[in-house]
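Data block for protein.txt (compact mmCIF, C-alpha atoms):
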# COMPACT_ATOMS: atom_id res chain seq x y z
CA MET Q 1 -14.96 11.05 26.67
CA LYS Q 2 -12.96 10.06 23.59
CA ILE Q 3 -9.52 11.00 22.33
CA ASP Q 4 -9.63 13.01 19.10
CA VAL Q 5 -6.66 12.59 16.77
CA ILE Q 6 -4.94 14.97 14.37
CA LEU Q 7 -2.51 13.50 11.86
CA GLY Q 8 -1.06 14.06 8.39
CA LEU Q 9 -2.36 12.12 5.41
CA GLN Q 10 0.59 12.64 3.06
CA TRP Q 11 4.37 12.53 3.56
CA GLY Q 12 4.39 15.05 6.41
CA ASP Q 13 4.54 18.86 6.47
CA GLU Q 14 0.77 19.15 5.99
CA GLY Q 15 0.39 21.93 8.56
CA LYS Q 16 -0.57 19.85 11.61
CA GLY Q 17 0.97 22.21 14.17
CA LYS Q 18 -1.18 25.15 13.12
CA ILE Q 19 -4.37 23.09 13.25
CA VAL Q 20 -3.50 21.61 16.66
CA ASP Q 21 -2.79 25.11 17.97
CA TYR Q 22 -6.11 26.39 16.61
CA LEU Q 23 -8.25 23.53 17.96
CA ALA Q 24 -6.37 23.20 21.25
CA SER Q 25 -8.63 25.67 23.03
CA ASN Q 26 -11.41 23.03 22.77
CA TYR Q 27 -9.35 20.57 24.84
CA ASP Q 28 -7.76 20.08 28.24
CA ILE Q 29 -4.77 18.01 27.10
CA VAL Q 30 -2.70 17.79 23.91
CA ALA Q 31 -0.52 14.67 23.70
CA ARG Q 32 2.21 13.72 21.21
CA PHE Q 33 2.10 9.97 20.60
CA GLN Q 34 5.05 9.09 18.31
CA GLY Q 35 8.10 10.34 16.45
CA GLY Q 36 10.80 12.62 17.72
CA PRO Q 37 12.84 15.67 16.69
CA ASN Q 38 12.75 14.54 13.06
CA ALA Q 39 9.37 16.28 12.99
CA GLY Q 40 8.95 20.03 12.96
CA HIS Q 41 5.56 21.60 13.65
CA THR Q 42 5.44 25.25 12.62
CA LEU Q 43 3.03 27.71 14.22
CA LYS Q 44 2.67 31.36 13.28
CA PHE Q 45 0.70 33.97 15.18
CA ASP Q 46 1.13 37.63 16.03
CA GLY Q 47 3.67 37.82 13.22
CA GLN Q 48 6.04 35.37 14.95
CA LYS Q 49 7.02 31.89 13.75
CA HIS Q 50 7.54 29.09 16.25
CA VAL Q 51 8.87 25.60 15.43
CA LEU Q 52 8.32 22.70 17.81
CA HIS Q 53 10.06 19.34 17.43
CA THR Q 54 9.16 17.43 20.60
CA ILE Q 55 6.84 19.58 22.71
CA PRO Q 56 3.14 19.35 21.69
CA SER Q 57 1.67 22.22 19.68
CA GLY Q 58 -0.82 23.11 22.41
CA ILE Q 59 1.92 24.61 24.56
CA PHE Q 60 1.04 28.20 23.59
CA ARG Q 61 -2.52 27.85 24.90
CA GLU Q 62 -2.76 29.01 28.50
CA ASN Q 63 -3.83 26.40 31.08
CA LEU Q 64 -3.60 23.56 28.53
CA ILE Q 65 -1.71 20.44 29.67
CA ASN Q 66 0.82 19.05 27.15
CA VAL Q 67 2.03 15.45 27.30
CA ILE Q 68 5.02 13.92 25.53
CA GLY Q 69 3.83 10.31 25.29
CA ASN Q 70 5.71 7.07 25.67
CA GLY Q 71 5.76 6.52 21.90
CA VAL Q 72 7.95 9.60 21.40
CA VAL Q 73 11.75 9.42 21.35
CA ILE Q 74 13.43 12.37 23.06
CA ASP Q 75 16.76 14.05 22.46
CA PRO Q 76 17.59 16.11 25.59
CA ILE Q 77 19.65 18.52 23.44
CA THR Q 78 16.72 19.32 21.16
CA LEU Q 79 14.31 19.49 24.08
CA GLN Q 80 16.63 21.95 25.85
CA LYS Q 81 16.68 24.21 22.77
CA GLU Q 82 12.90 24.15 22.55
CA ILE Q 83 12.52 25.03 26.19
CA ASP Q 84 15.04 27.87 25.83
CA ASN Q 85 13.12 29.24 22.84
CA LEU Q 86 9.80 28.99 24.68
CA ASN Q 87 11.26 30.84 27.66
CA LYS Q 88 12.15 33.71 25.32
CA THR Q 89 8.50 34.06 24.31
CA GLY Q 90 7.43 34.66 27.90
CA VAL Q 91 4.99 31.74 27.81
CA SER Q 92 4.51 30.07 31.18
CA PHE Q 93 4.54 26.35 30.48
CA LEU Q 94 6.77 24.26 32.78
CA ASP Q 95 3.89 23.41 35.11
CA ARG Q 96 1.84 22.29 32.09
CA LEU Q 97 4.44 20.06 30.40
CA PHE Q 98 4.49 16.35 31.30
CA VAL Q 99 6.87 13.68 29.99
CA ALA Q 100 6.21 9.95 29.88
CA LYS Q 101 8.71 7.93 31.90
CA LYS Q 102 8.53 5.21 29.26
CA ALA Q 103 9.59 7.52 26.39
CA HIS Q 104 12.97 6.44 25.02
CA LEU Q 105 16.06 8.64 24.92
CA ILE Q 106 18.10 9.52 21.85
CA LEU Q 107 21.79 9.30 22.74
CA PRO Q 108 24.54 11.22 20.92
CA THR Q 109 25.80 7.89 19.60
CA HIS Q 110 22.37 7.19 18.11
CA ARG Q 111 22.85 10.29 15.97
CA HIS Q 112 26.41 9.23 15.17
CA ILE Q 113 25.19 5.82 13.95
CA ASP Q 114 22.40 7.47 11.95
CA ALA Q 115 24.85 9.73 10.14
CA ALA Q 116 27.42 6.97 9.57
CA THR Q 117 24.94 4.48 8.14
CA GLU Q 118 23.27 7.05 5.90
CA SER Q 119 26.64 8.20 4.58
CA PHE Q 120 27.63 4.58 3.91
CA LYS Q 121 24.50 3.97 1.80
CA GLY Q 122 25.47 6.67 -0.70
CA LYS Q 123 22.89 6.81 -3.50
CA GLU Q 124 20.76 4.23 -1.68
CA LYS Q 125 20.20 6.50 1.33
CA ILE Q 126 16.62 6.85 2.57
CA GLY Q 127 16.79 10.57 3.32
CA SER Q 128 17.13 10.35 7.10
CA THR Q 129 17.00 13.60 9.05
CA LEU Q 130 20.09 12.30 10.94
CA LYS Q 131 18.40 12.92 14.29
CA GLY Q 132 19.07 9.38 15.56
CA ILE Q 133 15.45 8.31 15.32
CA GLY Q 134 15.96 4.97 13.56
CA PRO Q 135 18.81 3.74 15.80
CA THR Q 136 16.82 4.74 18.90
CA TYR Q 137 13.75 2.78 17.85
CA MET Q 138 16.06 -0.13 16.96
CA ASP Q 139 17.41 -0.14 20.51
CA LYS Q 140 13.84 0.10 21.80
CA THR Q 141 12.71 -3.00 19.90
CA GLY Q 142 16.04 -4.70 20.63
CA ARG Q 143 15.41 -4.15 24.34
CA ASN Q 144 18.59 -2.15 24.82
CA GLY Q 145 17.18 1.37 25.09
CA LEU Q 146 17.28 3.91 27.87
CA ARG Q 147 14.06 5.59 28.94
CA VAL Q 148 13.22 8.88 30.60
CA GLY Q 149 12.46 7.17 33.89
CA ASP Q 150 15.91 5.59 33.88
CA ILE Q 151 17.65 8.94 34.35
CA MET Q 152 16.52 8.96 37.99
CA LEU Q 153 18.24 5.63 38.73
CA PRO Q 154 21.52 5.60 40.67
CA ASN Q 155 23.21 3.43 38.03
CA PHE Q 156 22.07 5.47 35.03
CA LYS Q 157 25.58 6.58 34.08
CA GLU Q 158 26.78 2.97 34.00
CA ARG Q 159 23.85 1.99 31.81
CA TYR Q 160 24.58 4.91 29.52
CA GLU Q 161 28.24 3.92 29.17
CA ALA Q 162 27.30 0.32 28.40
CA LEU Q 163 24.96 1.37 25.60
CA LYS Q 164 27.52 3.84 24.27
CA GLU Q 165 30.11 1.07 24.14
CA LYS Q 166 27.72 -1.09 22.15
CA HIS Q 167 27.19 1.78 19.72
CA ASN Q 168 30.93 2.36 19.37
CA SER Q 169 31.39 -1.28 18.39
CA ILE Q 170 28.74 -0.84 15.68
CA LEU Q 171 30.42 2.33 14.41
CA LYS Q 172 33.64 0.38 13.76
CA LEU Q 173 31.80 -1.31 10.90
CA TYR Q 174 31.49 1.99 9.02
CA PRO Q 175 33.98 4.50 7.61
CA GLU Q 176 34.71 7.34 10.03
CA ILE Q 177 32.73 10.55 9.70
CA ASP Q 178 33.12 13.93 11.36
CA PHE Q 179 31.25 13.73 14.69
CA ASP Q 180 32.45 15.42 17.87
CA LEU Q 181 31.12 12.97 20.44
CA LYS Q 182 32.67 14.70 23.45
CA ALA Q 183 31.03 18.05 22.61
CA GLU Q 184 27.68 16.40 21.93
CA GLU Q 185 27.84 14.49 25.20
CA GLU Q 186 28.44 17.69 27.14
CA LYS Q 187 25.29 19.22 25.64
CA TRP Q 188 23.38 15.98 26.14
CA PHE Q 189 24.10 15.69 29.85
CA ALA Q 190 23.29 19.38 30.32
CA GLY Q 191 19.93 18.76 28.63
CA LEU Q 192 19.42 15.75 30.87
CA GLU Q 193 19.39 18.02 33.91
CA THR Q 194 16.53 19.99 32.39
CA LEU Q 195 14.70 16.76 31.62
CA ARG Q 196 15.11 15.67 35.25
CA SER Q 197 13.43 18.90 36.35
CA LEU Q 198 10.28 18.29 34.26
CA LYS Q 199 7.19 16.50 35.50
CA GLN Q 200 7.62 12.81 34.71
CA ILE Q 201 4.51 10.63 34.58
CA ASN Q 202 3.27 7.12 33.91
CA SER Q 203 1.47 8.46 30.87
CA GLU Q 204 -0.77 5.43 30.35
CA TYR Q 205 -2.32 5.92 33.79
CA PHE Q 206 -2.30 9.71 33.44
CA ILE Q 207 -4.18 9.69 30.11
CA ASN Q 208 -6.70 7.01 31.10
CA LYS Q 209 -7.49 8.71 34.41
CA ALA Q 210 -7.95 11.99 32.53
CA LEU Q 211 -10.41 10.32 30.17
CA LYS Q 212 -12.40 8.81 33.03
CA SER Q 213 -12.58 12.18 34.76
CA GLY Q 214 -14.07 13.79 31.66
CA LYS Q 215 -10.96 15.57 30.33
CA ARG Q 216 -10.91 16.38 26.64
CA ILE Q 217 -7.79 15.04 24.91
CA LEU Q 218 -6.31 15.75 21.49
CA ALA Q 219 -3.61 13.36 20.23
CA GLU Q 220 -1.06 15.01 17.95
CA GLY Q 221 0.70 12.97 15.27
CA ALA Q 222 4.06 13.71 13.69
CA GLN Q 223 5.32 13.15 10.12
CA GLY Q 224 2.68 11.79 7.73
CA SER Q 225 0.80 8.56 7.17
CA MET Q 226 2.84 7.68 4.07
CA LEU Q 227 5.90 7.50 6.32
CA ASP Q 228 4.38 4.84 8.60
CA ILE Q 229 6.82 2.00 9.27
CA ASP Q 230 4.24 -0.65 8.27
CA PHE Q 231 2.08 1.07 5.67
CA GLY Q 232 4.28 3.80 4.20
CA THR Q 233 6.55 3.72 1.16
CA TYR Q 234 8.97 1.23 2.70
CA PRO Q 235 11.95 1.46 3.10
CA PHE Q 236 11.66 5.24 2.68
CA VAL Q 237 9.71 5.63 5.91
CA THR Q 238 10.19 6.67 9.51
CA SER Q 239 10.61 4.21 12.40
CA SER Q 240 7.25 4.59 14.13
CA ASN Q 241 3.54 4.11 13.41
CA THR Q 242 2.31 7.48 12.18
CA VAL Q 243 -1.28 6.31 11.60
CA SER Q 244 -4.09 6.54 14.14
CA ALA Q 245 -3.39 3.04 15.48
CA GLY Q 246 -0.14 4.51 16.84
CA VAL Q 247 -2.18 6.50 19.36
CA CYS Q 248 -2.97 3.30 21.26
CA ASN Q 249 0.67 2.23 21.57
CA GLY Q 250 2.04 5.74 21.89
CA LEU Q 251 -0.22 6.82 24.76
CA GLY Q 252 -1.33 3.53 26.27
CA VAL Q 253 -5.04 3.68 25.45
CA ALA Q 254 -7.56 1.21 24.04
CA PRO Q 255 -8.85 1.46 20.44
CA SER Q 256 -12.33 2.12 21.80
CA THR Q 257 -11.15 5.46 23.22
CA ILE Q 258 -10.54 6.99 19.77
CA GLY Q 259 -13.17 9.54 18.68
CA GLU Q 260 -12.78 11.94 15.77
CA VAL Q 261 -9.83 11.39 13.43
CA ILE Q 262 -8.97 14.67 11.74
CA GLY Q 263 -6.82 14.10 8.66
CA ILE Q 264 -4.80 16.95 7.20
CA THR Q 265 -3.80 17.29 3.56
CA LYS Q 266 -2.30 20.10 1.57
CA ALA Q 267 -4.13 21.25 -1.54
CA TYR Q 268 -1.06 19.90 -3.34
CA CYS Q 269 1.56 17.44 -2.11
CA THR Q 270 5.16 17.53 -0.84
CA ARG Q 271 7.84 15.13 0.27
CA VAL Q 272 11.27 15.59 1.88
CA GLY Q 273 14.12 13.22 1.10
CA SER Q 274 14.24 10.09 -1.02
CA GLY Q 275 11.44 7.72 -1.96
CA PRO Q 276 8.57 7.40 -4.44
CA PHE Q 277 6.37 10.39 -5.17
CA PRO Q 278 3.91 9.62 -8.02
CA THR Q 279 2.69 13.19 -8.65
CA GLU Q 280 6.06 14.93 -8.27
CA LEU Q 281 6.62 17.97 -10.49
CA THR Q 282 10.29 18.40 -11.36
CA GLY Q 283 9.99 21.41 -13.65
CA GLU Q 284 8.85 25.01 -13.44
CA VAL Q 285 5.53 24.25 -11.71
CA GLY Q 286 7.25 22.28 -8.96
CA GLU Q 287 9.75 25.09 -8.42
CA TYR Q 288 6.91 27.60 -8.22
CA LEU Q 289 5.07 25.56 -5.58
CA ARG Q 290 8.28 25.25 -3.54
CA ALA Q 291 8.98 28.98 -3.67
CA GLU Q 292 5.40 30.15 -3.16
CA GLY Q 293 4.69 27.64 -0.41
CA GLY Q 294 8.01 28.13 1.40
CA GLU Q 295 8.55 24.41 1.07
CA PHE Q 296 11.71 23.87 3.04
CA GLY Q 297 11.92 21.40 5.93
CA ALA Q 298 11.20 22.86 9.39
CA THR Q 299 13.70 20.39 10.89
CA THR Q 300 16.43 20.09 8.25
CA GLY Q 301 15.88 23.10 5.99
CA ARG Q 302 16.01 20.77 2.99
CA PRO Q 303 13.93 21.78 -0.04
CA ARG Q 304 10.75 19.76 -0.31
CA ARG Q 305 9.78 17.97 -3.49
CA CYS Q 306 6.40 19.25 -4.72
CA GLY Q 307 3.58 17.81 -6.80
CA TRP Q 308 -0.16 17.74 -7.37
CA ILE Q 309 -2.64 16.36 -4.85
CA ASP Q 310 -3.00 12.57 -5.10
CA ILE Q 311 -6.46 11.04 -4.57
CA PRO Q 312 -5.46 7.32 -4.60
CA GLN Q 313 -2.78 8.06 -2.01
CA LEU Q 314 -5.22 10.02 0.16
CA ASN Q 315 -7.92 7.36 -0.08
CA TYR Q 316 -5.33 4.86 1.13
CA THR Q 317 -4.37 6.84 4.22
CA ILE Q 318 -7.98 7.81 4.96
CA MET Q 319 -8.80 4.09 4.98
CA LEU Q 320 -5.87 3.25 7.28
CA ASN Q 321 -6.67 6.01 9.75
CA GLY Q 322 -10.46 5.90 9.82
CA VAL Q 323 -10.57 9.62 9.04
CA THR Q 324 -13.86 11.28 9.97
CA GLN Q 325 -13.14 14.79 8.72
CA LEU Q 326 -10.59 16.60 6.58
CA VAL Q 327 -8.59 19.80 6.82
CA VAL Q 328 -7.21 21.15 3.54
CA THR Q 329 -4.23 23.48 3.98
CA LYS Q 330 -2.26 25.88 1.78
CA VAL Q 331 -5.10 26.45 -0.66
CA ASP Q 332 -3.76 29.99 -1.10
CA ILE Q 333 -0.56 28.67 -2.70
CA LEU Q 334 -2.66 27.76 -5.75
CA ASN Q 335 -4.04 31.30 -6.17
CA ASN Q 336 -2.21 32.06 -9.44
CA PHE Q 337 -2.83 28.88 -11.42
CA ASP Q 338 -4.99 28.89 -14.55
CA GLU Q 339 -5.58 25.18 -14.05
CA ILE Q 340 -5.03 22.87 -11.11
CA SER Q 341 -4.43 19.15 -11.57
CA VAL Q 342 -5.75 16.40 -9.34
CA ALA Q 343 -4.49 12.82 -9.67
CA THR Q 344 -7.70 10.76 -9.67
CA HIS Q 345 -6.26 7.31 -10.50
CA TYR Q 346 -3.03 5.43 -11.18
CA HIS Q 347 -2.07 3.47 -14.27
CA TYR Q 348 0.16 0.43 -13.75
CA ASP Q 349 0.23 -3.25 -14.68
CA GLY Q 350 -1.40 -2.26 -17.94
CA LYS Q 351 -4.62 -0.89 -16.49
CA GLN Q 352 -6.18 1.95 -14.49
CA GLN Q 353 -6.06 1.38 -10.75
CA ASP Q 354 -7.55 2.96 -7.64
CA GLU Q 355 -5.29 1.14 -5.18
CA LEU Q 356 -1.63 1.63 -4.35
CA PRO Q 357 0.59 -1.28 -5.38
CA PHE Q 358 2.25 -3.47 -2.76
CA ASP Q 359 5.59 -1.73 -3.28
CA LEU Q 360 5.24 1.83 -4.50
CA SER Q 361 9.01 2.13 -4.21
CA ASN Q 362 9.56 -0.39 -7.02
CA VAL Q 363 6.36 -0.41 -9.06
CA PRO Q 364 6.29 2.55 -11.47
CA VAL Q 365 2.87 4.19 -11.51
CA GLU Q 366 1.58 6.85 -13.87
CA PRO Q 367 -0.95 9.26 -12.36
CA VAL Q 368 -4.15 9.95 -14.28
CA TYR Q 369 -5.06 13.63 -13.90
CA LYS Q 370 -8.19 15.70 -14.06
CA GLN Q 371 -7.92 19.46 -14.45
CA TYR Q 372 -9.92 22.05 -12.53
CA PRO Q 373 -10.06 25.78 -13.32
CA GLY Q 374 -8.12 28.07 -10.97
CA TRP Q 375 -9.49 31.20 -9.33
CA LYS Q 376 -6.68 33.65 -10.15
CA GLN Q 377 -7.21 35.89 -7.14
CA SER Q 378 -5.99 36.40 -3.58
CA LEU Q 379 -7.82 34.81 -0.67
CA ASP Q 380 -6.58 37.40 1.83
CA GLY Q 381 -9.29 38.48 4.24
CA VAL Q 382 -11.71 35.66 3.41
CA ARG Q 383 -13.17 34.35 6.65
CA ASN Q 384 -16.42 32.71 5.55
CA TYR Q 385 -16.53 29.71 3.26
CA GLU Q 386 -19.45 31.17 1.33
CA ASP Q 387 -17.23 34.11 0.37
CA MET Q 388 -14.66 31.84 -1.29
CA PRO Q 389 -14.32 32.10 -5.09
CA ILE Q 390 -16.55 29.56 -6.79
CA ASN Q 391 -13.57 27.68 -8.25
CA VAL Q 392 -12.09 27.20 -4.78
CA LYS Q 393 -15.37 25.69 -3.63
CA ASN Q 394 -15.52 23.51 -6.75
CA LEU Q 395 -12.02 22.16 -6.13
CA VAL Q 396 -12.64 21.52 -2.43
CA GLY Q 397 -15.97 19.90 -3.26
CA ALA Q 398 -14.34 17.64 -5.85
CA ILE Q 399 -11.69 16.54 -3.35
CA GLU Q 400 -14.37 15.95 -0.74
CA ASN Q 401 -16.49 13.86 -3.10
CA GLN Q 402 -13.58 11.74 -4.34
CA LEU Q 403 -12.41 11.05 -0.79
CA ASN Q 404 -15.91 10.59 0.61
CA VAL Q 405 -15.02 12.46 3.81
CA PRO Q 406 -16.33 15.93 4.74
CA VAL Q 407 -13.94 18.89 4.73
CA SER Q 408 -14.38 20.92 7.91
CA ILE Q 409 -11.57 23.49 7.68
CA VAL Q 410 -9.74 25.20 4.81
CA SER Q 411 -6.48 26.99 5.53
CA ILE Q 412 -5.61 29.99 3.38
CA GLY Q 413 -2.46 31.33 5.05
CA PRO Q 414 0.14 30.67 7.76
CA GLU Q 415 -1.39 32.79 10.53
CA ARG Q 416 -3.61 31.34 13.25
CA GLN Q 417 -6.63 33.35 12.07
CA GLU Q 418 -6.29 32.37 8.39
CA LEU Q 419 -8.62 29.41 8.71
CA VAL Q 420 -12.06 29.13 7.15
CA MET Q 421 -14.65 26.82 8.68
CA LYS Q 422 -16.46 24.95 5.94
CA GLU Q 423 -18.57 22.60 7.97
CA ILE Q 424 -18.75 22.97 11.73
CA LYS Q 425 -18.63 19.51 13.25
CA GLU Q 426 -18.40 18.79 16.96
CA LEU Q 427 -14.76 17.97 17.72
CA VAL Q 428 -15.09 17.28 21.42
CA ASN Q 429 -17.07 14.26 22.49
If you convert what's in this file into structure tokens, what do you get?
Amino acid sequence: MKIDVILGLQWGDEGKGKIVDYLASNYDIVARFQGGPNAGHTLKFDGQKHVLHTIPSGIFRENLINVIGNGVVIDPITLQKEIDNLNKTGVSFLDRLFVAKKAHLILPTHRHIDAATESFKGKEKIGSTLKGIGPTYMDKTGRNGLRVGDIMLPNFKERYEALKEKHNSILKLYPEIDFDLKAEEEKWFAGLETLRSLKQINSEYFINKALKSGKRILAEGAQGSMLDIDFGTYPFVTSSNTVSAGVCNGLGVAPSTIGEVIGITKAYCTRVGSGPFPTELTGEVGEYLRAEGGEFGATTGRPRRCGWIDIPQLNYTIMLNGVTQLVVTKVDILNNFDEISVATHYHYDGKQQDELPFDLSNVPVEPVYKQYPGWKQSLDGVRNYEDMPINVKNLVGAIENQLNVPVSIVSIGPERQELVMKEIKELVN
């Protein structure tokens, strides 16, 4: 058996949660491999919206095991809220939720440092979600972090206090900000008790044994490939590897175990926070996309920046991830356009280019667009790809041809059933 991977090909918010939820019934295990509560995966079914930040999106599928991998960073406060919300739905899940002992913990002081440093940067801020992600990964690489497995140790409180003291010394370097540490600690230690009650595992052994026994595994990515710490629009990136290579580090598996890589892209493009965005639309069209698409962050509520779909950017992330099939989401948001633009190339350094520059954050690029006719009609009720308006099929076909990867699913609405299969390809090896 192989591990199939689902990840975003843009700057996040591509609709990964919905696709994971839909495909999850084909698998035995869904595993998150990186990121933390800076990511929000939104699922909608039976008229109800559910947002998950740490727990994998397969949690609503009965009998499906969900693993929070070692590459994830966990805030016990956020995890507690998620568990409380899941309990309200009546879903039985605690016996199906496993947490890697090697996953690192986000402390309240990590969030305090995150907020203080971002505030200090002023106009130079990177657009952090202020969830403590960056400082937590810094402690991880600096070999100072606390892990899930540590909470069972008799000296955990002493280790916590030592790390908190280190953080407090760092905070003295920055102007004071409003942060009620005592109140946050109370919530944090309460959440820690819930974390202690969950099933903790050595996830690298757990996942590899599952593979050898024939279990079908789907790895769920967070954020988007353009936010990857190595290959994204640095420094406006997250602190983990969001590309498919992150599966190996985030779950403890060999590269040879990776099977299908399912890349997700919107039919347009969005970005939250600061950083370069070549196809951004700052006028009326961008505002329309934001309003029609409900483009507000699932984690922060911040309005997303909107723009046209970007082929050079997608070719870049398809190359990095080894994408084998595509899912195109939010096609329905383009229903009312007379014309739809697609960025086919960039222009910089005096010539037309297909590749992204070394530093997209500092090299100004001008997108070269091609226009495609819109379809000017609702897609409600369409369930077969052949029933799609011809101009939808022309646009999807053009994207497919320019990216040289087959499109297997087209999403035309937020609900679980609003998915159209274009090309049925075996997802489970």
Can you pull out every residue within 12 Å of Ala291 of chain Q, counting only C-alpha atoms, but drop anything in the same chain fewer than 2 positions away, and send it as a PDB file with C-alpha atoms, in the coordinates of the input?
ATOM      1  CA  GLU Q 284       8.850  25.010 -13.440  1.00  0.00           C
ATOM      2  CA  VAL Q 285       5.530  24.250 -11.710  1.00  0.00           C
ATOM      3  CA  GLY Q 286       7.250  22.280  -8.960  1.00  0.00           C
ATOM      4  CA  GLU Q 287       9.750  25.090  -8.420  1.00  0.00           C
ATOM      5  CA  TYR Q 288       6.910  27.600  -8.220  1.00  0.00           C
ATOM      6  CA  LEU Q 289       5.070  25.560  -5.580  1.00  0.00           C
ATOM      7  CA  GLY Q 293       4.690  27.640  -0.410  1.00  0.00           C
ATOM      8  CA  GLY Q 294       8.010  28.130   1.400  1.00  0.00           C
ATOM      9  CA  GLU Q 295       8.550  24.410   1.070  1.00  0.00           C
ATOM     10  CA  PHE Q 296      11.710  23.870   3.040  1.00  0.00           C
ATOM     11  CA  PRO Q 303      13.930  21.780  -0.040  1.00  0.00           C
ATOM     12  CA  ARG Q 304      10.750  19.760  -0.310  1.00  0.00           C
ATOM     13  CA  ARG Q 305       9.780  17.970  -3.490  1.00  0.00           C
ATOM     14  CA  CYS Q 306       6.400  19.250  -4.720  1.00  0.00           C
ATOM     15  CA  ILE Q 333      -0.560  28.670  -2.700  1.00  0.00           C
ATOM     16  CA  LEU Q 334      -2.660  27.760  -5.750  1.00  0.00           C
TER      17      LEU Q 334
END
Phe33 of chain Q surroundings by all atoms listed in the file, 12 Å radius, close-in-sequence under 6 positions cut, as an MDAnalysis selection string: chainID Q and resid 3 5:7 54:56 66:74 99:100 102:103 203:204 207 217:223 240:253
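Atom CA of Phe120 of chain Q lies 13.2 Å from atom CA of Asp178 of chain Q.
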From Q:Ala116, Q:Val382, Q:Met152, Q:Val261, residue lying nearest Thr324 of chain Q [all atoms listed in the file]: Q:Val261
Computed interatomic separation between atom CA of Asn26 of chain Q and atom CA of Leu94 of chain Q (Å):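 Separating atom CA of Asn26 of chain Q from atom CA of Leu94 of chain Q is a distance of 20.8 Å.
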